[in-house]
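What's in entry.txt: compact mmCIF, C-alpha atoms
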```txt
# COMPACT_ATOMS: atom_id res chain seq x y z
CA MET A 1 7.05 27.34 -17.03
CA THR A 2 8.82 28.04 -13.74
CA THR A 3 5.75 26.75 -11.88
CA TYR A 4 6.09 23.41 -13.62
CA LEU A 5 9.81 23.22 -12.92
CA LEU A 6 9.24 24.05 -9.26
CA LEU A 7 6.39 21.53 -9.06
CA PHE A 8 8.60 18.85 -10.56
CA ALA A 9 11.51 19.70 -8.25
CA GLU A 10 9.38 19.78 -5.10
CA PHE A 11 7.61 16.51 -5.82
CA PHE A 12 10.85 14.86 -6.93
CA LYS A 13 12.25 15.79 -3.51
CA THR A 14 9.13 14.41 -1.82
CA GLY A 15 9.40 11.13 -3.74
CA LEU A 16 13.07 10.83 -2.89
CA PHE A 17 12.80 11.41 0.84
CA ALA A 18 9.34 10.14 1.80
CA VAL A 19 10.14 6.57 2.85
CA GLY A 20 7.44 4.14 3.90
CA GLY A 21 4.27 4.72 1.94
CA GLY A 22 1.75 7.30 0.86
CA LEU A 23 1.06 9.07 4.13
CA ALA A 24 4.79 9.60 4.63
CA THR A 25 4.50 12.28 1.93
CA LEU A 26 2.27 14.39 4.19
CA PRO A 27 4.99 16.29 6.12
CA PHE A 28 6.62 17.20 2.79
CA LEU A 29 3.32 18.44 1.42
CA TYR A 30 2.85 20.64 4.50
CA ASP A 31 6.26 22.07 3.77
CA ILE A 32 5.25 22.80 0.15
CA ALA A 33 2.02 24.41 1.34
CA ASP A 34 4.00 26.78 3.56
CA LYS A 35 6.52 27.66 0.87
CA TYR A 36 4.37 28.16 -2.23
CA PRO A 37 1.02 29.82 -2.95
CA TRP A 38 -0.33 26.69 -4.71
CA PHE A 39 -2.46 25.40 -1.83
CA ASP A 40 -2.69 25.87 1.92
CA ARG A 41 -2.70 23.43 4.84
CA ALA A 42 -6.51 23.31 5.11
CA MET A 43 -6.79 22.40 1.43
CA LEU A 44 -4.25 19.66 2.01
CA LEU A 45 -6.57 17.91 4.45
CA ASP A 46 -9.34 18.03 1.82
CA MET A 47 -6.89 16.58 -0.67
CA VAL A 48 -6.02 13.70 1.64
CA ALA A 49 -9.74 13.03 2.20
CA VAL A 50 -10.30 12.91 -1.56
CA ALA A 51 -7.17 10.80 -2.06
CA GLU A 52 -8.35 8.33 0.55
CA SER A 53 -11.83 8.10 -0.87
CA THR A 54 -10.77 7.39 -4.44
CA PRO A 55 -8.98 4.32 -5.75
CA GLY A 56 -5.24 4.38 -6.20
CA PRO A 57 -2.20 4.90 -4.00
CA ILE A 58 -2.84 7.81 -1.63
CA GLY A 59 0.51 9.49 -2.31
CA ILE A 60 -0.12 9.54 -6.06
CA ASN A 61 -3.67 10.83 -5.62
CA THR A 62 -2.49 13.66 -3.39
CA ALA A 63 0.32 14.63 -5.78
CA THR A 64 -2.08 14.70 -8.74
CA TYR A 65 -4.57 16.78 -6.79
CA ALA A 66 -1.96 19.21 -5.49
CA GLY A 67 -0.36 19.52 -8.93
CA PHE A 68 -3.73 20.26 -10.49
CA HIS A 69 -4.36 23.10 -8.07
CA ALA A 70 -0.91 24.52 -8.73
CA GLY A 71 -0.83 24.21 -12.51
CA GLY A 72 -3.92 22.62 -14.05
CA ILE A 73 -3.96 19.26 -15.81
CA LEU A 74 -0.31 19.53 -16.89
CA GLY A 75 0.55 20.39 -13.28
CA GLY A 76 -1.14 17.18 -12.14
CA PHE A 77 0.99 15.15 -14.56
CA VAL A 78 4.21 17.00 -13.69
CA ALA A 79 3.75 16.53 -9.92
CA THR A 80 2.94 12.82 -10.28
CA PHE A 81 5.88 12.27 -12.64
CA GLY A 82 8.18 14.07 -10.20
CA LEU A 83 6.95 11.95 -7.30
CA VAL A 84 7.39 8.64 -9.11
CA LEU A 85 10.73 9.25 -10.83
CA PRO A 86 13.07 8.88 -7.80
CA SER A 87 11.57 5.57 -6.71
CA TYR A 88 11.69 4.36 -10.31
CA ILE A 89 15.43 5.05 -10.45
CA VAL A 90 16.18 3.60 -7.00
CA ILE A 91 14.04 0.50 -7.52
CA VAL A 92 15.54 -0.30 -10.92
CA ILE A 93 19.01 -0.21 -9.35
CA ILE A 94 17.87 -2.43 -6.45
CA ALA A 95 16.11 -4.86 -8.80
CA GLN A 96 19.38 -5.33 -10.69
CA VAL A 97 21.27 -5.98 -7.47
CA LEU A 98 18.53 -8.37 -6.24
CA ALA A 99 18.65 -10.34 -9.48
CA LYS A 100 22.42 -10.71 -9.15
CA PHE A 101 22.51 -11.58 -5.44
CA SER A 102 19.21 -13.44 -4.97
CA LYS A 103 21.03 -16.74 -4.26
CA ASN A 104 23.57 -15.12 -1.93
CA PRO A 105 23.32 -16.66 1.58
CA ILE A 106 23.44 -13.25 3.28
CA VAL A 107 20.56 -11.94 1.15
CA LEU A 108 18.64 -15.16 1.84
CA SER A 109 19.19 -14.83 5.60
CA VAL A 110 18.02 -11.20 5.51
CA PHE A 111 14.81 -12.10 3.71
CA TYR A 112 14.32 -15.05 6.08
CA GLY A 113 13.97 -12.46 8.86
CA LEU A 114 12.04 -9.95 6.76
CA ARG A 115 9.18 -12.14 5.54
CA PRO A 116 7.48 -12.83 8.88
CA ALA A 117 8.02 -9.20 9.95
CA VAL A 118 6.46 -7.83 6.77
CA THR A 119 3.52 -10.22 7.23
CA GLY A 120 3.16 -8.79 10.75
CA MET A 121 3.23 -5.25 9.37
CA ILE A 122 0.52 -6.08 6.85
CA ALA A 123 -1.56 -7.59 9.67
CA ALA A 124 -1.06 -4.33 11.61
CA ALA A 125 -2.20 -2.31 8.59
CA GLY A 126 -5.28 -4.54 8.43
CA TYR A 127 -5.91 -3.89 12.11
CA SER A 128 -5.79 -0.13 11.65
CA VAL A 129 -8.29 -0.34 8.77
CA ALA A 130 -10.48 -2.61 10.90
CA LYS A 131 -10.40 -0.11 13.77
CA VAL A 132 -11.78 2.64 11.54
CA ALA A 133 -14.24 0.36 9.77
CA MET A 134 -15.73 -1.65 12.60
CA LEU A 135 -15.15 0.07 15.93
CA HIS A 136 -16.45 3.32 17.41
CA THR A 137 -13.39 4.04 19.51
CA GLU A 138 -14.68 7.56 20.17
CA ASN A 139 -17.63 6.05 22.11
CA PHE A 140 -15.44 3.95 24.35
CA THR A 141 -15.18 5.52 27.79
CA GLY A 142 -15.05 2.43 29.98
CA LEU A 143 -16.35 -1.10 30.33
CA SER A 144 -19.96 0.08 30.70
CA SER A 145 -19.84 1.51 27.16
CA LEU A 146 -18.46 -1.72 25.71
CA ALA A 147 -21.57 -2.34 23.61
CA GLY A 148 -21.20 1.07 21.97
CA LEU A 149 -17.66 0.23 20.95
CA PHE A 150 -18.68 -2.16 18.21
CA ASN A 151 -20.23 -1.14 14.95
CA LEU A 152 -22.55 -4.15 14.74
CA PRO A 153 -23.73 -3.84 11.12
CA ALA A 154 -20.09 -3.52 10.04
CA LEU A 155 -19.08 -6.56 12.09
CA LEU A 156 -21.92 -8.61 10.60
CA LEU A 157 -20.93 -7.51 7.12
CA PHE A 158 -17.34 -8.49 7.91
CA ALA A 159 -18.37 -11.99 9.05
CA MET A 160 -20.57 -12.45 6.00
CA LEU A 161 -17.98 -11.24 3.48
CA TYR A 162 -15.26 -13.35 5.10
CA PHE A 163 -17.44 -16.45 4.92
CA LEU A 164 -18.22 -15.74 1.26
CA TYR A 165 -14.55 -15.08 0.48
CA VAL A 166 -13.35 -18.33 2.05
CA LYS A 167 -16.17 -20.30 0.45
CA PHE A 168 -16.10 -18.93 -3.10
CA LYS A 169 -12.68 -17.27 -3.52
CA LYS A 170 -13.94 -14.89 -6.19
CA HIS A 171 -11.85 -11.94 -7.44
CA PRO A 172 -11.29 -9.27 -4.72
CA ILE A 173 -13.24 -6.69 -6.76
CA VAL A 174 -16.43 -8.76 -6.24
CA TYR A 175 -16.14 -8.28 -2.47
CA ILE A 176 -15.18 -4.60 -2.77
CA ALA A 177 -18.24 -3.94 -4.94
CA GLY A 178 -20.39 -5.97 -2.54
CA GLY A 179 -18.97 -4.00 0.38
CA ALA A 180 -19.77 -0.69 -1.33
CA ILE A 181 -23.39 -1.69 -2.01
CA ALA A 182 -23.87 -3.07 1.53
CA GLY A 183 -22.28 0.10 2.92
CA ILE A 184 -24.83 2.29 1.11
CA LEU A 185 -27.75 0.07 2.15
CA LEU A 186 -26.64 -0.19 5.78
CA LYS A 187 -25.51 3.47 5.92
CA LEU A 188 -22.12 2.49 7.33
CA MET B 1 -1.71 -11.82 -25.06
CA ASN B 2 1.00 -9.22 -25.54
CA ILE B 3 3.20 -9.00 -22.41
CA TRP B 4 3.58 -5.19 -22.72
CA PHE B 5 -0.14 -4.69 -22.79
CA ASP B 6 -0.54 -7.24 -19.99
CA LEU B 7 1.92 -5.36 -17.75
CA TYR B 8 0.26 -2.01 -18.31
CA TRP B 9 -3.29 -3.27 -18.04
CA THR B 10 -2.73 -5.51 -15.00
CA PHE B 11 -1.18 -2.64 -13.04
CA PHE B 12 -3.80 -0.22 -14.34
CA CYS B 13 -6.48 -2.49 -12.83
CA ILE B 14 -4.53 -2.91 -9.60
CA GLY B 15 -4.09 0.86 -9.27
CA GLY B 16 -7.73 1.48 -10.10
CA LEU B 17 -9.05 -1.09 -7.65
CA THR B 18 -6.83 -0.26 -4.69
CA PHE B 19 -8.59 1.56 -1.92
CA GLY B 20 -6.57 2.85 1.00
CA GLY B 21 -2.88 2.54 0.24
CA GLY B 22 -0.21 0.03 -0.60
CA TYR B 23 -1.04 -2.68 1.91
CA ALA B 24 -4.63 -2.85 0.74
CA MET B 25 -3.19 -3.63 -2.70
CA LEU B 26 -1.72 -6.94 -1.53
CA PRO B 27 -4.81 -9.16 -2.00
CA MET B 28 -5.16 -7.81 -5.54
CA LEU B 29 -1.46 -8.43 -6.24
CA GLU B 30 -1.74 -11.98 -4.89
CA ARG B 31 -4.61 -12.66 -7.25
CA GLU B 32 -3.27 -10.98 -10.39
CA ILE B 33 0.52 -11.29 -10.12
CA VAL B 34 0.94 -14.60 -8.29
CA GLU B 35 -2.11 -16.67 -9.21
CA ARG B 36 -3.06 -15.33 -12.64
CA HIS B 37 0.15 -14.26 -14.38
CA HIS B 38 2.76 -16.13 -12.30
CA TRP B 39 5.09 -13.12 -12.46
CA SER B 40 6.26 -13.83 -8.91
CA THR B 41 5.64 -16.13 -5.94
CA SER B 42 3.96 -15.13 -2.67
CA GLU B 43 7.36 -15.09 -0.95
CA GLU B 44 8.90 -12.86 -3.59
CA LEU B 45 5.96 -10.51 -3.26
CA LEU B 46 6.74 -10.13 0.46
CA ASP B 47 10.40 -9.48 -0.39
CA TYR B 48 9.29 -6.71 -2.77
CA TYR B 49 7.12 -5.21 -0.04
CA ALA B 50 10.12 -5.18 2.30
CA VAL B 51 12.21 -3.49 -0.38
CA GLY B 52 9.39 -1.07 -1.21
CA GLN B 53 8.98 -0.26 2.46
CA CYS B 54 12.54 0.88 3.05
CA THR B 55 13.19 2.60 -0.27
CA PRO B 56 11.90 6.06 -1.08
CA GLY B 57 8.56 6.48 -2.73
CA ILE B 58 5.09 5.00 -2.67
CA ILE B 59 5.06 1.26 -1.85
CA ALA B 60 2.46 0.44 -4.49
CA VAL B 61 4.58 2.13 -7.15
CA ASN B 62 7.79 0.48 -5.95
CA VAL B 63 6.25 -2.99 -6.12
CA ALA B 64 4.92 -2.28 -9.62
CA THR B 65 8.35 -1.06 -10.75
CA ILE B 66 10.15 -4.18 -9.44
CA ILE B 67 7.74 -6.64 -11.04
CA GLY B 68 7.76 -4.73 -14.33
CA TYR B 69 11.56 -4.64 -14.31
CA GLN B 70 11.81 -8.37 -13.70
CA GLN B 71 9.47 -9.16 -16.55
CA LYS B 72 10.75 -6.76 -19.20
CA GLY B 73 13.61 -4.59 -17.91
CA LEU B 74 13.56 -0.80 -17.91
CA ARG B 75 10.68 -0.44 -20.32
CA GLY B 76 8.63 -3.04 -18.46
CA ALA B 77 9.25 -1.14 -15.23
CA ALA B 78 8.19 2.13 -16.86
CA LEU B 79 5.01 0.57 -18.28
CA SER B 80 3.89 -1.07 -15.05
CA THR B 81 4.66 2.11 -13.08
CA PHE B 82 2.69 4.21 -15.56
CA GLY B 83 -0.09 1.63 -15.36
CA VAL B 84 -0.41 1.80 -11.59
CA VAL B 85 -0.58 5.63 -11.55
CA SER B 86 -2.84 6.06 -14.60
CA PRO B 87 -6.17 5.52 -12.81
CA SER B 88 -5.20 8.07 -10.15
CA LEU B 89 -4.30 10.63 -12.79
CA ILE B 90 -7.58 10.13 -14.65
CA ILE B 91 -9.87 9.92 -11.62
CA ILE B 92 -8.28 12.69 -9.56
CA LEU B 93 -8.06 15.12 -12.48
CA ILE B 94 -11.74 14.57 -13.22
CA ILE B 95 -12.70 15.00 -9.57
CA ALA B 96 -10.43 18.00 -9.04
CA GLY B 97 -11.80 19.59 -12.20
CA LEU B 98 -15.47 18.97 -11.50
CA LEU B 99 -15.98 18.78 -7.78
CA LYS B 100 -14.41 20.44 -4.84
CA ASN B 101 -14.70 17.48 -2.56
CA ILE B 102 -16.12 14.06 -3.36
CA SER B 103 -16.28 13.11 0.30
CA GLN B 104 -18.99 15.70 0.94
CA PHE B 105 -21.52 13.33 -0.65
CA GLU B 106 -23.11 11.15 2.00
CA VAL B 107 -23.57 8.15 -0.28
CA VAL B 108 -19.82 8.13 -1.09
CA GLY B 109 -19.06 8.04 2.63
CA HIS B 110 -21.38 5.06 3.17
CA ALA B 111 -19.96 3.22 0.17
CA PHE B 112 -16.46 3.70 1.56
CA GLY B 113 -17.58 2.48 4.98
CA GLY B 114 -18.58 -0.79 3.31
CA ILE B 115 -15.46 -0.91 1.12
CA ARG B 116 -13.26 -0.59 4.20
CA VAL B 117 -14.96 -3.64 5.73
CA ALA B 118 -14.35 -5.58 2.50
CA VAL B 119 -10.71 -4.45 2.51
CA CYS B 120 -10.37 -5.85 6.07
CA VAL B 121 -11.68 -9.20 4.87
CA LEU B 122 -9.23 -9.25 1.95
CA ILE B 123 -6.25 -8.26 4.10
CA LEU B 124 -7.12 -10.85 6.75
CA ALA B 125 -7.38 -13.60 4.15
CA ALA B 126 -4.09 -12.47 2.59
CA VAL B 127 -2.35 -12.44 5.97
CA PHE B 128 -3.50 -16.00 6.78
CA LYS B 129 -2.20 -17.16 3.43
CA LEU B 130 1.13 -15.35 3.85
CA MET B 131 1.60 -16.71 7.38
CA LYS B 132 1.72 -20.21 5.93
CA THR B 133 4.57 -19.38 3.56
CA SER B 134 6.50 -16.82 5.59
CA ILE B 135 6.48 -18.21 9.14
CA LYS B 136 8.61 -21.34 9.01
CA ASP B 137 9.74 -21.71 12.65
CA LYS B 138 9.50 -20.24 16.16
CA LEU B 139 11.72 -17.29 15.34
CA GLY B 140 9.44 -16.44 12.43
CA ALA B 141 6.42 -16.50 14.75
CA VAL B 142 8.22 -14.21 17.20
CA LEU B 143 9.18 -11.76 14.44
CA PHE B 144 5.61 -11.76 13.14
CA ALA B 145 4.15 -11.06 16.59
CA ALA B 146 6.79 -8.44 17.42
CA ALA B 147 6.23 -6.56 14.15
CA PHE B 148 2.44 -6.72 14.52
CA LEU B 149 2.35 -5.57 18.15
CA GLY B 150 5.18 -3.06 17.72
CA MET B 151 3.40 -1.34 14.84
CA ILE B 152 0.08 -1.15 16.72
CA PHE B 153 1.11 -0.34 20.28
CA LEU B 154 4.50 1.32 19.94
CA ASP B 155 3.83 3.04 16.64
CA LEU B 156 7.22 1.83 15.37
CA SER B 157 8.48 3.18 12.08
CA PRO B 158 8.17 0.60 9.29
CA ILE B 159 11.77 1.25 8.31
CA PHE B 160 12.88 0.38 11.84
CA VAL B 161 10.93 -2.90 11.76
CA VAL B 162 12.39 -3.79 8.37
CA LEU B 163 15.96 -3.06 9.45
CA VAL B 164 15.73 -4.91 12.78
CA SER B 165 14.08 -8.01 11.33
CA ALA B 166 16.64 -8.11 8.53
CA LEU B 167 19.40 -8.01 11.15
CA VAL B 168 17.72 -10.72 13.26
CA GLY B 169 17.39 -12.95 10.19
CA TYR B 170 21.04 -12.42 9.32
CA LEU B 171 22.27 -13.14 12.87
CA ALA B 172 20.01 -16.19 13.31
CA LYS B 173 21.15 -17.80 10.08
CA MET B 174 24.79 -17.13 10.95
CA VAL B 175 24.38 -18.78 14.39
CA PHE B 176 22.41 -21.73 13.01
CA ALA B 177 24.93 -22.19 10.24
CA LYS B 178 27.78 -22.33 12.79
CA GLU B 179 25.93 -24.77 15.05
CA GLY B 180 25.23 -26.96 12.05
CA LYS B 181 28.94 -27.14 11.26
CA ASN B 182 29.89 -28.03 14.84
CA GLU B 183 27.56 -31.02 15.00
```
Would you mind writing the file's structure down as structure tokens?
Amino acid sequence: MTTYLLLFAEFFKTGLFAVGGGLATLPFLYDIADKYPWFDRAMLLDMVAVAESTPGPIGINTATYAGFHAGGILGGFVATFGLVLPSYIVIVIIAQVLAKFSKNPIVLSVFYGLRPAVTGMIAAAGYSVAKVAMLHTENFTGLSSLAGLFNLPALLLFAMLYFLYVKFKKHPIVYIAGGAIAGILLKL
Amino acid sequence: MNIWFDLYWTFFCIGGLTFGGGYAMLPMLEREIVERHHWSTSEELLDYYAVGQCTPGIIAVNVATIIGYQQKGLRGAALSTFGVVSPSLIIILIIAGLLKNISQFEVVGHAFGGIRVAVCVLILAAVFKLMKTSIKDKLGAVLFAAAFLGMIFLDLSPIFVVLVSALVGYLAKMVFAKEGKNE
């Protein structure tokens, strides 16, 4: 019982203070690994690898995985619930305020500045995925190794999928499934 | 169809089909929330991302909570939040119970190599679409470029970017509003 309470408390704290997305939970998880016998730092890296290679938000995946190792299936639920609860509370409060003040000129001016910046941040996130997916930055040692920098099959796949997306505009899952099959065939 | 079921199921699908974090979820949200169910507009979605970015918790979950709340209040928020985390709970518990590490299988690694390329395509297409609605003038273009370059080259904290751009928007509108009155 105490394990579950501690799990809930620790992940509640993580959810409350980790601002800015799934990987922001990592420093908190390191802290938990040092404090409790549930998992150690090396296992955490495995957890992140699993979390990144399964669908779903990375933070949630890691919490479920860590909770499972600490307290079985119920532990997985408790940790995830603890992680989600603070943002649920905060967001519900903000949503009420937003609904009330959405026509307020100050709020409008703030979002006028935010929208292009958030678009830029999403573009930056896309760039960091692209770097992992299509470049071999570890091979790049100078201009002479320029050819080795590009993962050609991945770049070709990118061009092909982009063309198909613009042309047919099918549901995103079609392209994700296509990418997975092409990845296996091309050994990306 | 029943709105409660729709909220849960839509976010269940979004959670289950998101690979690689909250931003990768955007193309799916555009398709399901904006185009299919009309629960919000593209601009509102960006506003929610900004809010989700500078409030505690996972961005994907925060966005789900806001949209659920706006459709059906507290219970709607709870349902959409539960929906977006359900696939993780199911999949991770199965994996954690059965396998030590899914990424040790070579074929999974290759599949994810291809999925990442597809995610790039989806994000790029989403960004082009969002640029049309979110960048309305020169200042918008500057904020876009500054946020993009700052995140990549200076490794700026997202919270910092959100706060500064909010301030710039506020100041710019104040100045423009004053100039407008003087004319």
Return the neighbours of chain B among the residues of chain A, cut-off 6 Å, counting all atoms listed in the file, as an mmCIF file with C-alpha atoms, keeping the file's coordinate frame.
```
data_model
loop_
_atom_site.group_PDB
_atom_site.id
_atom_site.type_symbol
_atom_site.label_atom_id
_atom_site.label_comp_id
_atom_site.auth_asym_id
_atom_site.auth_seq_id
_atom_site.Cartn_x
_atom_site.Cartn_y
_atom_site.Cartn_z
ATOM 1 C CA GLY A 15 9.400 11.130 -3.740
ATOM 2 C CA LEU A 16 13.070 10.830 -2.890
ATOM 3 C CA PHE A 17 12.800 11.410 0.840
ATOM 4 C CA ALA A 18 9.340 10.140 1.800
ATOM 5 C CA VAL A 19 10.140 6.570 2.850
ATOM 6 C CA GLY A 20 7.440 4.140 3.900
ATOM 7 C CA GLY A 21 4.270 4.720 1.940
ATOM 8 C CA GLY A 22 1.750 7.300 0.860
ATOM 9 C CA GLU A 52 -8.350 8.330 0.550
ATOM 10 C CA PRO A 55 -8.980 4.320 -5.750
ATOM 11 C CA GLY A 56 -5.240 4.380 -6.200
ATOM 12 C CA PRO A 57 -2.200 4.900 -4.000
ATOM 13 C CA ILE A 58 -2.840 7.810 -1.630
ATOM 14 C CA ASN A 61 -3.670 10.830 -5.620
ATOM 15 C CA SER A 87 11.570 5.570 -6.710
ATOM 16 C CA SER A 109 19.190 -14.830 5.600
ATOM 17 C CA VAL A 110 18.020 -11.200 5.510
ATOM 18 C CA TYR A 112 14.320 -15.050 6.080
ATOM 19 C CA GLY A 113 13.970 -12.460 8.860
ATOM 20 C CA LEU A 114 12.040 -9.950 6.760
ATOM 21 C CA ARG A 115 9.180 -12.140 5.540
ATOM 22 C CA PRO A 116 7.480 -12.830 8.880
ATOM 23 C CA ALA A 117 8.020 -9.200 9.950
ATOM 24 C CA GLY A 120 3.160 -8.790 10.750
ATOM 25 C CA MET A 121 3.230 -5.250 9.370
ATOM 26 C CA ALA A 124 -1.060 -4.330 11.610
ATOM 27 C CA GLY A 126 -5.280 -4.540 8.430
ATOM 28 C CA ALA A 130 -10.480 -2.610 10.900
ATOM 29 C CA ALA A 133 -14.240 0.360 9.770
ATOM 30 C CA PHE A 158 -17.340 -8.490 7.910
ATOM 31 C CA TYR A 162 -15.260 -13.350 5.100
ATOM 32 C CA TYR A 175 -16.140 -8.280 -2.470
ATOM 33 C CA ILE A 176 -15.180 -4.600 -2.770
ATOM 34 C CA GLY A 179 -18.970 -4.000 0.380
ATOM 35 C CA ALA A 180 -19.770 -0.690 -1.330
ATOM 36 C CA GLY A 183 -22.280 0.100 2.920
ATOM 37 C CA ILE A 184 -24.830 2.290 1.110
ATOM 38 C CA LYS A 187 -25.510 3.470 5.920
ATOM 39 C CA LEU A 188 -22.120 2.490 7.330
#
```
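Interatomic distance, CA of Lys103 in chain A against CA of Ile33 in chain B: 22.0 Å.
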Expected answer as a compact mmCIF listing (two decimals) with C-alpha atoms, in the coordinates of the input: all residues with atoms within 10 Å of (5.0, 12.3, -10.9), only C-alpha atoms:
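File produced: selection.txt:
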```
# COMPACT_ATOMS: atom_id res chain seq x y z
CA LEU A 7 6.39 21.53 -9.06
CA PHE A 8 8.60 18.85 -10.56
CA PHE A 11 7.61 16.51 -5.82
CA PHE A 12 10.85 14.86 -6.93
CA GLY A 15 9.40 11.13 -3.74
CA ILE A 60 -0.12 9.54 -6.06
CA ALA A 63 0.32 14.63 -5.78
CA THR A 64 -2.08 14.70 -8.74
CA GLY A 67 -0.36 19.52 -8.93
CA GLY A 75 0.55 20.39 -13.28
CA GLY A 76 -1.14 17.18 -12.14
CA PHE A 77 0.99 15.15 -14.56
CA VAL A 78 4.21 17.00 -13.69
CA ALA A 79 3.75 16.53 -9.92
CA THR A 80 2.94 12.82 -10.28
CA PHE A 81 5.88 12.27 -12.64
CA GLY A 82 8.18 14.07 -10.20
CA LEU A 83 6.95 11.95 -7.30
CA VAL A 84 7.39 8.64 -9.11
CA LEU A 85 10.73 9.25 -10.83
CA PRO A 86 13.07 8.88 -7.80
CA PHE B 82 2.69 4.21 -15.56
CA VAL B 85 -0.58 5.63 -11.55
CA LEU B 89 -4.30 10.63 -12.79
```
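Nearest-residue note for Ala95 in chain A: choosing from B:Thr10, B:Ile3, B:Gln71, B:Leu156, the minimum distance belongs to B:Gln71, counting all atoms listed in the file.
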Please complete range 38-50 of chain B with N, CA and C atoms and give it back as a JSON list (two decimals), in the frame of the given file.
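File produced: selection.json:
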```json
[["chain", "number", "residue", "atom", "x", "y", "z"],
["B", 38, "HIS", "N", 1.55, -15.45, -12.77],
["B", 38, "HIS", "CA", 2.76, -16.13, -12.30],
["B", 38, "HIS", "C", 4.02, -15.30, -12.53],
["B", 39, "TRP", "N", 3.91, -13.99, -12.31],
["B", 39, "TRP", "CA", 5.09, -13.12, -12.46],
["B", 39, "TRP", "C", 5.97, -13.18, -11.22],
["B", 40, "SER", "N", 5.43, -13.65, -10.09],
["B", 40, "SER", "CA", 6.26, -13.83, -8.91],
["B", 40, "SER", "C", 5.56, -14.81, -7.98],
["B", 41, "THR", "N", 6.26, -15.27, -6.94],
["B", 41, "THR", "CA", 5.64, -16.13, -5.94],
["B", 41, "THR", "C", 5.20, -15.27, -4.76],
["B", 42, "SER", "N", 4.41, -15.85, -3.86],
["B", 42, "SER", "CA", 3.96, -15.13, -2.67],
["B", 42, "SER", "C", 5.15, -14.62, -1.86],
["B", 43, "GLU", "N", 6.18, -15.47, -1.74],
["B", 43, "GLU", "CA", 7.36, -15.09, -0.95],
["B", 43, "GLU", "C", 8.07, -13.90, -1.58],
["B", 44, "GLU", "N", 8.23, -13.96, -2.90],
["B", 44, "GLU", "CA", 8.90, -12.86, -3.59],
["B", 44, "GLU", "C", 8.13, -11.56, -3.42],
["B", 45, "LEU", "N", 6.80, -11.69, -3.43],
["B", 45, "LEU", "CA", 5.96, -10.51, -3.26],
["B", 45, "LEU", "C", 6.25, -9.85, -1.90],
["B", 46, "LEU", "N", 6.41, -10.67, -0.87],
["B", 46, "LEU", "CA", 6.74, -10.13, 0.46],
["B", 46, "LEU", "C", 8.12, -9.46, 0.44],
["B", 47, "ASP", "N", 9.07, -10.08, -0.27],
["B", 47, "ASP", "CA", 10.40, -9.48, -0.39],
["B", 47, "ASP", "C", 10.29, -8.09, -1.03],
["B", 48, "TYR", "N", 9.45, -7.99, -2.07],
["B", 48, "TYR", "CA", 9.29, -6.71, -2.77],
["B", 48, "TYR", "C", 8.67, -5.67, -1.83],
["B", 49, "TYR", "N", 7.72, -6.13, -0.99],
["B", 49, "TYR", "CA", 7.12, -5.21, -0.04],
["B", 49, "TYR", "C", 8.18, -4.68, 0.93],
["B", 50, "ALA", "N", 9.05, -5.60, 1.39],
["B", 50, "ALA", "CA", 10.12, -5.18, 2.30],
["B", 50, "ALA", "C", 11.02, -4.16, 1.62]]
```
